[in-house]
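To be precise, the following lines are structure21.cif, and they hold mmCIF, C-alpha atoms.
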```cif
data_coords
loop_
_atom_site.label_atom_id
_atom_site.label_comp_id
_atom_site.auth_asym_id
_atom_site.auth_seq_id
_atom_site.Cartn_x
_atom_site.Cartn_y
_atom_site.Cartn_z
CA MET A 1 248.24 134.91 88.65
CA LYS A 2 244.84 136.42 88.09
CA TYR A 3 243.96 134.41 84.98
CA VAL A 4 244.34 130.99 86.61
CA GLY A 5 241.99 128.87 88.68
CA LYS A 6 244.01 125.92 89.94
CA TYR A 7 241.67 123.20 91.08
CA ASP A 8 243.11 123.08 94.60
CA GLU A 9 242.87 126.84 95.00
CA LEU A 10 239.40 127.62 93.64
CA PRO A 11 236.81 128.52 96.29
CA VAL A 12 234.38 125.66 96.88
CA THR A 13 230.66 126.25 97.35
CA LYS A 14 228.66 123.45 98.93
CA VAL A 15 225.30 123.65 97.16
CA ALA A 16 223.68 120.74 99.00
CA ASP A 17 224.75 117.46 100.56
CA GLY A 18 226.91 115.79 97.94
CA ILE A 19 226.97 118.74 95.50
CA GLU A 20 229.92 121.15 95.23
CA ARG A 21 230.72 123.97 92.82
CA ARG A 22 233.95 125.69 91.77
CA ILE A 23 233.56 128.79 89.58
CA LEU A 24 235.81 130.70 87.19
CA LYS A 25 234.48 133.56 85.08
CA THR A 26 235.09 136.52 82.84
CA ASP A 27 232.63 139.40 82.34
CA HIS A 28 229.97 137.47 80.42
CA LEU A 29 231.14 133.85 80.60
CA MET A 30 231.06 131.48 83.56
CA MET A 31 232.63 128.03 83.89
CA VAL A 32 231.31 125.91 86.74
CA ASN A 33 233.03 122.72 87.86
CA VAL A 34 230.27 120.69 89.54
CA GLU A 35 230.91 117.59 91.60
CA PHE A 36 228.06 115.31 92.58
CA THR A 37 228.80 112.63 95.17
CA ASP A 38 225.14 111.88 95.85
CA GLY A 39 224.67 109.27 93.16
CA PRO A 40 223.30 107.09 91.97
CA THR A 41 220.01 108.96 92.25
CA GLU A 42 216.77 107.01 91.95
CA ASN A 43 215.06 109.62 89.82
CA PRO A 44 215.95 112.71 87.80
CA ASP A 45 216.09 116.00 89.68
CA PRO A 46 213.11 118.29 89.04
CA PHE A 47 213.28 120.04 85.67
CA HIS A 48 214.61 123.59 85.74
CA SER A 49 215.27 126.28 83.15
CA HIS A 50 217.09 129.59 82.95
CA PRO A 51 217.50 132.35 80.37
CA HIS A 52 221.26 131.66 80.30
CA GLU A 53 222.61 129.51 77.47
CA GLN A 54 224.51 126.45 78.69
CA VAL A 55 227.07 124.04 77.25
CA SER A 56 228.40 121.18 79.34
CA TYR A 57 231.13 118.53 79.38
CA MET A 58 231.11 115.27 81.33
CA ILE A 59 234.42 114.90 83.18
CA GLU A 60 233.48 111.75 85.08
CA GLY A 61 230.57 109.39 85.63
CA GLU A 62 227.36 108.53 83.84
CA ILE A 63 223.99 110.31 83.69
CA TYR A 64 220.66 110.42 82.00
CA LEU A 65 220.10 113.83 80.44
CA LEU A 66 216.48 114.92 80.06
CA VAL A 67 215.61 117.96 77.92
CA GLY A 68 212.08 119.17 77.21
CA ASP A 69 209.84 116.35 76.00
CA ASP A 70 212.67 114.37 74.40
CA GLU A 71 213.55 110.83 75.43
CA LYS A 72 216.22 110.67 78.12
CA VAL A 73 219.74 110.16 76.80
CA TYR A 74 222.56 108.20 78.42
CA LEU A 75 225.82 110.19 78.63
CA LYS A 76 229.21 109.26 80.00
CA ALA A 77 232.59 110.89 80.62
CA GLY A 78 233.79 112.68 77.47
CA ASP A 79 230.30 113.56 76.19
CA HIS A 80 228.84 117.04 75.80
CA PHE A 81 225.42 118.65 75.84
CA ALA A 82 223.97 122.08 75.03
CA ILE A 83 220.92 123.79 76.52
CA PRO A 84 219.50 126.80 74.67
CA SER A 85 218.00 129.71 76.62
CA GLY A 86 214.81 128.81 78.47
CA VAL A 87 214.67 125.09 77.66
CA PRO A 88 213.69 122.87 80.65
CA HIS A 89 216.27 120.19 81.51
CA THR A 90 217.58 117.98 84.28
CA ILE A 91 219.86 115.03 84.97
CA GLN A 92 219.78 111.73 86.83
CA ARG A 93 223.09 110.50 88.28
CA LEU A 94 223.80 106.83 87.46
CA THR A 95 227.17 106.55 89.24
CA PRO A 96 228.38 107.40 92.77
CA ILE A 97 230.43 110.30 91.43
CA VAL A 98 229.50 112.62 88.57
CA ARG A 99 231.67 115.58 87.60
CA LEU A 100 230.59 118.16 85.01
CA ILE A 101 231.82 121.36 83.45
CA ASP A 102 228.83 123.69 82.96
CA CYS A 103 229.41 126.92 81.02
CA PHE A 104 226.92 129.75 80.95
CA THR A 105 226.43 133.08 79.27
CA PRO A 106 225.50 135.54 80.64
CA LEU A 107 226.79 135.00 84.20
CA ARG A 108 224.57 133.06 86.58
CA GLN A 109 224.22 135.79 89.19
CA ASP A 110 222.34 133.26 91.34
CA PHE A 111 225.62 131.31 91.65
CA LEU A 112 227.65 134.31 92.88
CA MET B 1 218.78 114.12 70.11
CA LYS B 2 219.57 117.68 69.16
CA TYR B 3 220.89 118.79 72.56
CA VAL B 4 223.59 116.13 72.82
CA GLY B 5 227.11 115.94 71.48
CA LYS B 6 228.39 112.44 72.23
CA TYR B 7 232.14 112.38 71.95
CA ASP B 8 232.16 109.64 69.33
CA GLU B 9 229.57 111.42 67.19
CA LEU B 10 230.83 115.02 67.19
CA PRO B 11 232.35 116.17 63.89
CA VAL B 12 236.13 116.37 64.13
CA THR B 13 238.10 119.23 62.59
CA LYS B 14 241.80 118.68 62.05
CA VAL B 15 243.31 122.10 62.69
CA ALA B 16 246.94 121.10 62.05
CA ASP B 17 249.10 118.04 62.48
CA GLY B 18 248.41 116.83 66.01
CA ILE B 19 245.58 119.29 66.75
CA GLU B 20 241.89 118.33 66.58
CA ARG B 21 238.72 120.18 67.54
CA ARG B 22 235.20 119.05 68.41
CA ILE B 23 232.60 121.83 68.78
CA LEU B 24 229.22 122.13 70.46
CA LYS B 25 227.39 125.46 70.65
CA THR B 26 224.27 127.44 71.34
CA ASP B 27 223.50 130.88 69.87
CA HIS B 28 226.15 132.84 71.79
CA LEU B 29 228.19 130.15 73.56
CA MET B 30 230.72 127.74 72.09
CA MET B 31 232.41 124.77 73.77
CA VAL B 32 235.47 123.45 71.99
CA ASN B 33 237.08 120.13 72.92
CA VAL B 34 240.69 120.48 71.75
CA GLU B 35 243.11 117.56 71.55
CA PHE B 36 246.82 118.17 71.08
CA THR B 37 248.98 115.15 70.28
CA ASP B 38 251.96 117.25 69.17
CA GLY B 39 253.59 117.59 72.58
CA PRO B 40 255.81 118.12 74.29
CA THR B 41 256.50 121.36 72.40
CA GLU B 42 259.88 123.01 72.82
CA ASN B 43 258.47 126.52 73.03
CA PRO B 44 255.14 128.24 73.56
CA ASP B 45 253.02 128.83 70.46
CA PRO B 46 252.98 132.45 69.26
CA PHE B 47 250.78 134.70 71.39
CA HIS B 48 247.31 135.35 70.03
CA SER B 49 244.27 137.30 71.14
CA HIS B 50 240.61 137.62 70.23
CA PRO B 51 237.70 139.80 71.27
CA HIS B 52 235.88 136.69 72.53
CA GLU B 53 236.00 135.95 76.25
CA GLN B 54 237.40 132.51 77.05
CA VAL B 55 237.28 130.10 79.99
CA SER B 56 239.11 126.78 79.82
CA TYR B 57 239.42 123.47 81.64
CA MET B 58 242.34 121.03 81.45
CA ILE B 59 241.01 117.53 80.81
CA GLU B 60 244.40 115.86 80.41
CA GLY B 61 248.09 116.66 80.35
CA GLU B 62 250.30 119.50 81.53
CA ILE B 63 251.00 122.95 80.05
CA TYR B 64 252.58 126.27 80.68
CA LEU B 65 250.01 129.04 80.32
CA LEU B 66 251.35 132.45 79.29
CA VAL B 67 249.10 135.51 79.52
CA GLY B 68 250.18 139.05 78.77
CA ASP B 69 253.42 139.97 80.57
CA ASP B 70 252.78 137.64 83.51
CA GLU B 71 255.15 134.82 84.45
CA LYS B 72 254.25 131.50 82.84
CA VAL B 73 252.14 129.23 85.03
CA TYR B 74 252.24 125.44 85.21
CA LEU B 75 248.80 123.84 84.87
CA LYS B 76 247.70 120.22 84.93
CA ALA B 77 244.54 118.18 84.43
CA GLY B 78 241.73 119.57 86.57
CA ASP B 79 242.92 123.17 86.46
CA HIS B 80 241.11 126.13 84.88
CA PHE B 81 242.04 129.43 83.30
CA ALA B 82 240.15 132.51 82.07
CA ILE B 83 241.11 134.93 79.29
CA PRO B 84 239.28 138.28 79.15
CA SER B 85 238.49 139.88 75.81
CA GLY B 86 241.54 141.00 73.89
CA VAL B 87 244.25 139.72 76.26
CA PRO B 88 247.22 138.03 74.49
CA HIS B 89 247.83 134.43 75.59
CA THR B 90 249.34 131.13 74.54
CA ILE B 91 250.31 127.70 75.83
CA GLN B 92 253.27 125.34 75.72
CA ARG B 93 252.49 121.61 75.83
CA LEU B 94 254.62 119.71 78.37
CA THR B 95 253.17 116.22 77.76
CA PRO B 96 252.61 114.10 74.63
CA ILE B 97 248.84 114.55 74.93
CA VAL B 98 247.01 117.66 76.11
CA ARG B 99 243.22 117.88 76.09
CA LEU B 100 241.35 121.10 76.86
CA ILE B 101 237.81 122.42 77.02
CA ASP B 102 237.80 125.99 75.67
CA CYS B 103 234.56 127.97 75.98
CA PHE B 104 233.95 131.22 74.17
CA THR B 105 231.36 133.95 73.96
CA PRO B 106 230.42 135.16 71.45
CA LEU B 107 230.84 132.33 68.93
CA ARG B 108 234.24 131.97 67.27
CA GLN B 109 233.02 132.35 63.71
CA ASP B 110 236.57 131.57 62.58
CA PHE B 111 236.08 128.04 63.98
CA LEU B 112 232.87 127.38 62.02
#
```

As structure tokens:
Amino acid sequence: MKYVGKYDELPVTKVADGIERRILKTDHLMMVNVEFTDGPTENPDPFHSHPHEQVSYMIEGEIYLLVGDDEKVYLKAGDHFAIPSGVPHTIQRLTPIVRLIDCFTPLRQDFL
Amino acid sequence: MKYVGKYDELPVTKVADGIERRILKTDHLMMVNVEFTDGPTENPDPFHSHPHEQVSYMIEGEIYLLVGDDEKVYLKAGDHFAIPSGVPHTIQRLTPIVRLIDCFTPLRQDFL
């Protein structure tokens, strides 16, 4: 059924060692299921930014979220965060496994 | 910190008996954490549609997803679905608790 992305059937993209992505999308909206198995990481990843707006949900694990010049924030499974267009951000993984839902609009063409 | 929506701190909207919403958003992107405690439901809810595009993630529980004239599909925690603009859809809850992440673009003004 074309509207469904069952977890076991979604194509998996290996982004790097210990980082996998599963993607479901409509025309202007992308949901990315990201699994990190490279944690805990000693430091945050380098900051990055993108014109796309982002909202995220923590499925599993614990992270520090860093956004702009703000103090880092501890987040755990069940928490959310939102990144407006163009705002630099990154995470540090605090647990062996971290799983996130990242949603973007418009589509991240660099993920396709 | 303005970018964060910790689960315990997000405002809760009671939509109906056994249905709660927590919302985090940017300018054009809305993430809605929906908790149903009214299941199992005997029948699907009435079909509805909206011009907003939707992508969803099943945090917990089991549902039937019904979209348009397609056969209903069984989904469980970890699965995803995507609803293009204007396509009628609904769910039936199969478990006492169902928790979903629903993302929309543009913003659902009717949720604010």

Show me a table, sorted first by chain and then by increasing residue number, of the residues of chain A having an atom at most 9 Å from chain B, each with its shortest atom pair and the distance in Å to one decimal, counting only C-alpha atoms and written as a tab-separated table.
```
residue	atom	partner	partner_atom	distance
A:Met1	CA	B:Asp70	CA	7.4
A:Lys2	CA	B:Ala82	CA	8.6
A:Tyr3	CA	B:Ala82	CA	5.2
A:Val4	CA	B:Phe81	CA	4.3
A:Gly5	CA	B:His80	CA	4.8
A:Lys6	CA	B:Asp79	CA	4.6
A:Tyr7	CA	B:Asp79	CA	4.8
A:Asp8	CA	B:Asp79	CA	8.1
A:Leu24	CA	B:Ala82	CA	7.0
A:Lys25	CA	B:Ala82	CA	6.5
A:Thr26	CA	B:Pro84	CA	5.9
A:Asp27	CA	B:Pro84	CA	7.5
A:His28	CA	B:Thr105	CA	7.5
A:Leu29	CA	B:Thr105	CA	6.6
A:Met30	CA	B:Val55	CA	7.3
A:Met31	CA	B:Val55	CA	6.4
A:Asn33	CA	B:Tyr57	CA	8.9
A:Glu53	CA	B:Thr26	CA	6.7
A:Gln54	CA	B:Leu29	CA	7.3
A:Val55	CA	B:Met31	CA	6.4
A:Ser56	CA	B:Met31	CA	7.7
A:Tyr57	CA	B:Ile101	CA	8.1
A:Ile59	CA	B:Ile59	CA	7.5
A:Leu65	CA	B:Val4	CA	8.7
A:Val67	CA	B:Tyr3	CA	7.6
A:Asp70	CA	B:Met1	CA	7.5
A:Glu71	CA	B:Met1	CA	8.2
A:Val73	CA	B:Met1	CA	7.8
A:Leu75	CA	B:Lys6	CA	7.3
A:Lys76	CA	B:Lys6	CA	8.4
A:Ala77	CA	B:Tyr7	CA	8.8
A:Gly78	CA	B:Tyr7	CA	5.8
A:Asp79	CA	B:Lys6	CA	4.5
A:His80	CA	B:Gly5	CA	4.8
A:Phe81	CA	B:Val4	CA	4.3
A:Ala82	CA	B:Tyr3	CA	5.1
A:Ile83	CA	B:Tyr3	CA	6.4
A:Pro84	CA	B:Thr26	CA	5.9
A:Ser85	CA	B:Thr26	CA	8.5
A:Ile101	CA	B:Tyr57	CA	8.1
A:Cys103	CA	B:Cys103	CA	7.3
A:Phe104	CA	B:Leu29	CA	7.5
A:Thr105	CA	B:Leu29	CA	6.7
```

Chain B post-superposition (all in-order Cα pairs with chain A) as a PDB file with C-alpha atoms, in the frame of the given file:
```
ATOM      1  CA  MET B   1     248.191 134.893  88.729  1.00  0.00           C
ATOM      2  CA  LYS B   2     244.807 136.425  88.094  1.00  0.00           C
ATOM      3  CA  TYR B   3     243.953 134.400  84.979  1.00  0.00           C
ATOM      4  CA  VAL B   4     244.345 130.990  86.608  1.00  0.00           C
ATOM      5  CA  GLY B   5     242.001 128.871  88.667  1.00  0.00           C
ATOM      6  CA  LYS B   6     244.015 125.905  89.929  1.00  0.00           C
ATOM      7  CA  TYR B   7     241.680 123.188  91.073  1.00  0.00           C
ATOM      8  CA  ASP B   8     243.113 123.075  94.581  1.00  0.00           C
ATOM      9  CA  GLU B   9     242.875 126.847  94.993  1.00  0.00           C
ATOM     10  CA  LEU B  10     239.393 127.609  93.636  1.00  0.00           C
ATOM     11  CA  PRO B  11     236.819 128.528  96.292  1.00  0.00           C
ATOM     12  CA  VAL B  12     234.391 125.673  96.878  1.00  0.00           C
ATOM     13  CA  THR B  13     230.667 126.258  97.346  1.00  0.00           C
ATOM     14  CA  LYS B  14     228.669 123.466  98.926  1.00  0.00           C
ATOM     15  CA  VAL B  15     225.318 123.661  97.161  1.00  0.00           C
ATOM     16  CA  ALA B  16     223.678 120.753  99.017  1.00  0.00           C
ATOM     17  CA  ASP B  17     224.743 117.481 100.558  1.00  0.00           C
ATOM     18  CA  GLY B  18     226.903 115.805  97.926  1.00  0.00           C
ATOM     19  CA  ILE B  19     226.976 118.759  95.501  1.00  0.00           C
ATOM     20  CA  GLU B  20     229.935 121.153  95.225  1.00  0.00           C
ATOM     21  CA  ARG B  21     230.727 123.971  92.812  1.00  0.00           C
ATOM     22  CA  ARG B  22     233.953 125.680  91.762  1.00  0.00           C
ATOM     23  CA  ILE B  23     233.557 128.782  89.561  1.00  0.00           C
ATOM     24  CA  LEU B  24     235.811 130.692  87.194  1.00  0.00           C
ATOM     25  CA  LYS B  25     234.484 133.560  85.075  1.00  0.00           C
ATOM     26  CA  THR B  26     235.084 136.527  82.845  1.00  0.00           C
ATOM     27  CA  ASP B  27     232.632 139.412  82.347  1.00  0.00           C
ATOM     28  CA  HIS B  28     229.973 137.471  80.421  1.00  0.00           C
ATOM     29  CA  LEU B  29     231.147 133.850  80.615  1.00  0.00           C
ATOM     30  CA  MET B  30     231.052 131.480  83.573  1.00  0.00           C
ATOM     31  CA  MET B  31     232.632 128.030  83.890  1.00  0.00           C
ATOM     32  CA  VAL B  32     231.318 125.922  86.737  1.00  0.00           C
ATOM     33  CA  ASN B  33     233.035 122.711  87.840  1.00  0.00           C
ATOM     34  CA  VAL B  34     230.270 120.702  89.526  1.00  0.00           C
ATOM     35  CA  GLU B  35     230.922 117.590  91.603  1.00  0.00           C
ATOM     36  CA  PHE B  36     228.064 115.309  92.594  1.00  0.00           C
ATOM     37  CA  THR B  37     228.811 112.620  95.170  1.00  0.00           C
ATOM     38  CA  ASP B  38     225.135 111.888  95.854  1.00  0.00           C
ATOM     39  CA  GLY B  39     224.670 109.260  93.156  1.00  0.00           C
ATOM     40  CA  PRO B  40     223.301 107.060  91.966  1.00  0.00           C
ATOM     41  CA  THR B  41     220.000 108.947  92.261  1.00  0.00           C
ATOM     42  CA  GLU B  42     216.772 106.998  91.934  1.00  0.00           C
ATOM     43  CA  ASN B  43     215.055 109.627  89.813  1.00  0.00           C
ATOM     44  CA  PRO B  44     215.943 112.701  87.791  1.00  0.00           C
ATOM     45  CA  ASP B  45     216.084 115.996  89.682  1.00  0.00           C
ATOM     46  CA  PRO B  46     213.109 118.295  89.040  1.00  0.00           C
ATOM     47  CA  PHE B  47     213.275 120.037  85.668  1.00  0.00           C
ATOM     48  CA  HIS B  48     214.612 123.576  85.724  1.00  0.00           C
ATOM     49  CA  SER B  49     215.283 126.276  83.167  1.00  0.00           C
ATOM     50  CA  HIS B  50     217.090 129.594  82.945  1.00  0.00           C
ATOM     51  CA  PRO B  51     217.492 132.337  80.373  1.00  0.00           C
ATOM     52  CA  HIS B  52     221.247 131.650  80.294  1.00  0.00           C
ATOM     53  CA  GLU B  53     222.598 129.502  77.473  1.00  0.00           C
ATOM     54  CA  GLN B  54     224.504 126.450  78.693  1.00  0.00           C
ATOM     55  CA  VAL B  55     227.076 124.048  77.251  1.00  0.00           C
ATOM     56  CA  SER B  56     228.400 121.175  79.348  1.00  0.00           C
ATOM     57  CA  TYR B  57     231.120 118.536  79.380  1.00  0.00           C
ATOM     58  CA  MET B  58     231.105 115.272  81.345  1.00  0.00           C
ATOM     59  CA  ILE B  59     234.406 114.904  83.189  1.00  0.00           C
ATOM     60  CA  GLU B  60     233.474 111.749  85.090  1.00  0.00           C
ATOM     61  CA  GLY B  61     230.580 109.384  85.637  1.00  0.00           C
ATOM     62  CA  GLU B  62     227.359 108.531  83.839  1.00  0.00           C
ATOM     63  CA  ILE B  63     223.989 110.322  83.688  1.00  0.00           C
ATOM     64  CA  TYR B  64     220.667 110.421  81.994  1.00  0.00           C
ATOM     65  CA  LEU B  65     220.089 113.832  80.431  1.00  0.00           C
ATOM     66  CA  LEU B  66     216.460 114.916  80.062  1.00  0.00           C
ATOM     67  CA  VAL B  67     215.604 117.953  77.934  1.00  0.00           C
ATOM     68  CA  GLY B  68     212.103 119.166  77.205  1.00  0.00           C
ATOM     69  CA  ASP B  69     209.833 116.343  75.998  1.00  0.00           C
ATOM     70  CA  ASP B  70     212.665 114.369  74.397  1.00  0.00           C
ATOM     71  CA  GLU B  71     213.540 110.819  75.439  1.00  0.00           C
ATOM     72  CA  LYS B  72     216.213 110.658  78.133  1.00  0.00           C
ATOM     73  CA  VAL B  73     219.732 110.160  76.804  1.00  0.00           C
ATOM     74  CA  TYR B  74     222.559 108.204  78.412  1.00  0.00           C
ATOM     75  CA  LEU B  75     225.806 110.184  78.634  1.00  0.00           C
ATOM     76  CA  LYS B  76     229.218 109.265  79.986  1.00  0.00           C
ATOM     77  CA  ALA B  77     232.584 110.900  80.613  1.00  0.00           C
ATOM     78  CA  GLY B  78     233.775 112.688  77.483  1.00  0.00           C
ATOM     79  CA  ASP B  79     230.311 113.553  76.204  1.00  0.00           C
ATOM     80  CA  HIS B  80     228.836 117.043  75.777  1.00  0.00           C
ATOM     81  CA  PHE B  81     225.414 118.635  75.834  1.00  0.00           C
ATOM     82  CA  ALA B  82     223.980 122.081  75.033  1.00  0.00           C
ATOM     83  CA  ILE B  83     220.920 123.784  76.530  1.00  0.00           C
ATOM     84  CA  PRO B  84     219.500 126.813  74.685  1.00  0.00           C
ATOM     85  CA  SER B  85     218.006 129.699  76.629  1.00  0.00           C
ATOM     86  CA  GLY B  86     214.833 128.820  78.474  1.00  0.00           C
ATOM     87  CA  VAL B  87     214.675 125.090  77.663  1.00  0.00           C
ATOM     88  CA  PRO B  88     213.697 122.869  80.650  1.00  0.00           C
ATOM     89  CA  HIS B  89     216.281 120.198  81.502  1.00  0.00           C
ATOM     90  CA  THR B  90     217.582 117.979  84.269  1.00  0.00           C
ATOM     91  CA  ILE B  91     219.861 115.031  84.964  1.00  0.00           C
ATOM     92  CA  GLN B  92     219.780 111.738  86.834  1.00  0.00           C
ATOM     93  CA  ARG B  93     223.089 110.503  88.269  1.00  0.00           C
ATOM     94  CA  LEU B  94     223.795 106.836  87.461  1.00  0.00           C
ATOM     95  CA  THR B  95     227.169 106.548  89.247  1.00  0.00           C
ATOM     96  CA  PRO B  96     228.376 107.399  92.772  1.00  0.00           C
ATOM     97  CA  ILE B  97     230.435 110.307  91.427  1.00  0.00           C
ATOM     98  CA  VAL B  98     229.505 112.616  88.560  1.00  0.00           C
ATOM     99  CA  ARG B  99     231.675 115.576  87.591  1.00  0.00           C
ATOM    100  CA  LEU B 100     230.591 118.156  85.016  1.00  0.00           C
ATOM    101  CA  ILE B 101     231.823 121.368  83.445  1.00  0.00           C
ATOM    102  CA  ASP B 102     228.832 123.689  82.962  1.00  0.00           C
ATOM    103  CA  CYS B 103     229.418 126.920  81.030  1.00  0.00           C
ATOM    104  CA  PHE B 104     226.930 129.751  80.948  1.00  0.00           C
ATOM    105  CA  THR B 105     226.430 133.089  79.269  1.00  0.00           C
ATOM    106  CA  PRO B 106     225.514 135.521  80.646  1.00  0.00           C
ATOM    107  CA  LEU B 107     226.792 135.019  84.203  1.00  0.00           C
ATOM    108  CA  ARG B 108     224.575 133.056  86.586  1.00  0.00           C
ATOM    109  CA  GLN B 109     224.211 135.786  89.178  1.00  0.00           C
ATOM    110  CA  ASP B 110     222.340 133.268  91.334  1.00  0.00           C
ATOM    111  CA  PHE B 111     225.622 131.318  91.640  1.00  0.00           C
ATOM    112  CA  LEU B 112     227.641 134.316  92.872  1.00  0.00           C
TER     113      LEU B 112
END
```

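Considering only C-alpha atoms, the residue among B:Gly18, B:Pro11, B:Pro46, B:Gly61 positioned nearest to Thr95 in chain B is B:Gly61.
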
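Each of B:Ile19, B:Val12, B:Ile91, B:Leu107 was compared to Pro44 in chain B using only C-alpha atoms, and B:Ile91 turns out to be the nearest.
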
Within 10 Å of Asp17 in chain B using all atoms listed in the file, minus same-chain residues under 2 positions, as a list in words: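 Within the cut-off, the hits are Lys14, Val15, Ile19, Glu20, Phe36, Thr37 and Asp38 of chain B.
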
Students should find that CA of Thr13 in chain A and CA of Ile97 in chain A are spaced 17.0 Å

Quote the spacing between CA of Leu100 in chain A and CA of Tyr64 in chain B in Å to one decimal place.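 Computing the Euclidean distance for CA of Leu100 in chain A and CA of Tyr64 in chain B yields 23.8 Å.
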
Taking every listed atom of range 88-95 of chain B and adding 3 Å to each side, what centre and edge lengths in Å (one decimal) does the axis-aligned box have, as AutoDock Vina command-line options?
```
--center_x 250.9 --center_y 127.1 --center_z 76.4 --size_x 13.4 --size_y 27.8 --size_z 9.9
```

Report, in Å with one decimal, the straight-line distance from CA of Gly39 in chain B to CA of Thr90 in chain B. 14.3 Å

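With all atoms listed in the file as the basis for measurement, B:Ile63 is the residue among B:Arg21, B:Arg99, B:Arg108, B:Ile63 that approaches Asp45 in chain B most closely.
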
Contact residues around Ser49 in chain B with all atoms listed in the file at 8 Å, ignoring same-chain residues under 3 positions, as a ChimeraX atom specification: /B:85-89

Closest of B:Ala16, B:Asn43, B:Pro51, B:Glu60 to Val98 in chain B - atom-to-atom distances counting all atoms listed in the file: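 The answer is B:Glu60, which sits nearest to Val98 in chain B.
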
Any chance you could build range 73-85 of chain A out to N, CA and C atoms and write it as a compact mmCIF listing (two decimals), in the frame of the given file?
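Result written to part24.txt:
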```
# COMPACT_ATOMS: atom_id res chain seq x y z
N VAL A 73 218.56 110.61 77.53
CA VAL A 73 219.74 110.16 76.80
C VAL A 73 220.83 109.78 77.80
N TYR A 74 221.45 108.65 77.58
CA TYR A 74 222.56 108.20 78.42
C TYR A 74 223.84 108.91 77.98
N LEU A 75 224.55 109.52 78.92
CA LEU A 75 225.82 110.19 78.63
C LEU A 75 226.88 109.72 79.62
N LYS A 76 228.10 109.70 79.14
CA LYS A 76 229.21 109.26 80.00
C LYS A 76 230.39 110.23 79.84
N ALA A 77 231.41 110.03 80.65
CA ALA A 77 232.59 110.89 80.62
C ALA A 77 233.07 111.09 79.17
N GLY A 78 233.35 112.34 78.82
CA GLY A 78 233.79 112.68 77.47
C GLY A 78 232.68 113.28 76.62
N ASP A 79 231.42 113.05 77.00
CA ASP A 79 230.30 113.56 76.19
C ASP A 79 229.97 115.01 76.56
N HIS A 80 229.23 115.65 75.65
CA HIS A 80 228.84 117.04 75.80
C HIS A 80 227.32 117.18 75.67
N PHE A 81 226.79 118.27 76.19
CA PHE A 81 225.42 118.65 75.84
C PHE A 81 225.27 120.16 75.86
N ALA A 82 224.21 120.64 75.21
CA ALA A 82 223.97 122.08 75.03
C ALA A 82 222.51 122.38 75.32
N ILE A 83 222.28 123.41 76.13
CA ILE A 83 220.92 123.79 76.52
C ILE A 83 220.67 125.23 76.09
N PRO A 84 219.81 125.43 75.09
CA PRO A 84 219.50 126.80 74.67
C PRO A 84 218.76 127.56 75.78
N SER A 85 218.68 128.85 75.65
CA SER A 85 218.00 129.71 76.62
C SER A 85 216.56 129.23 76.85
```
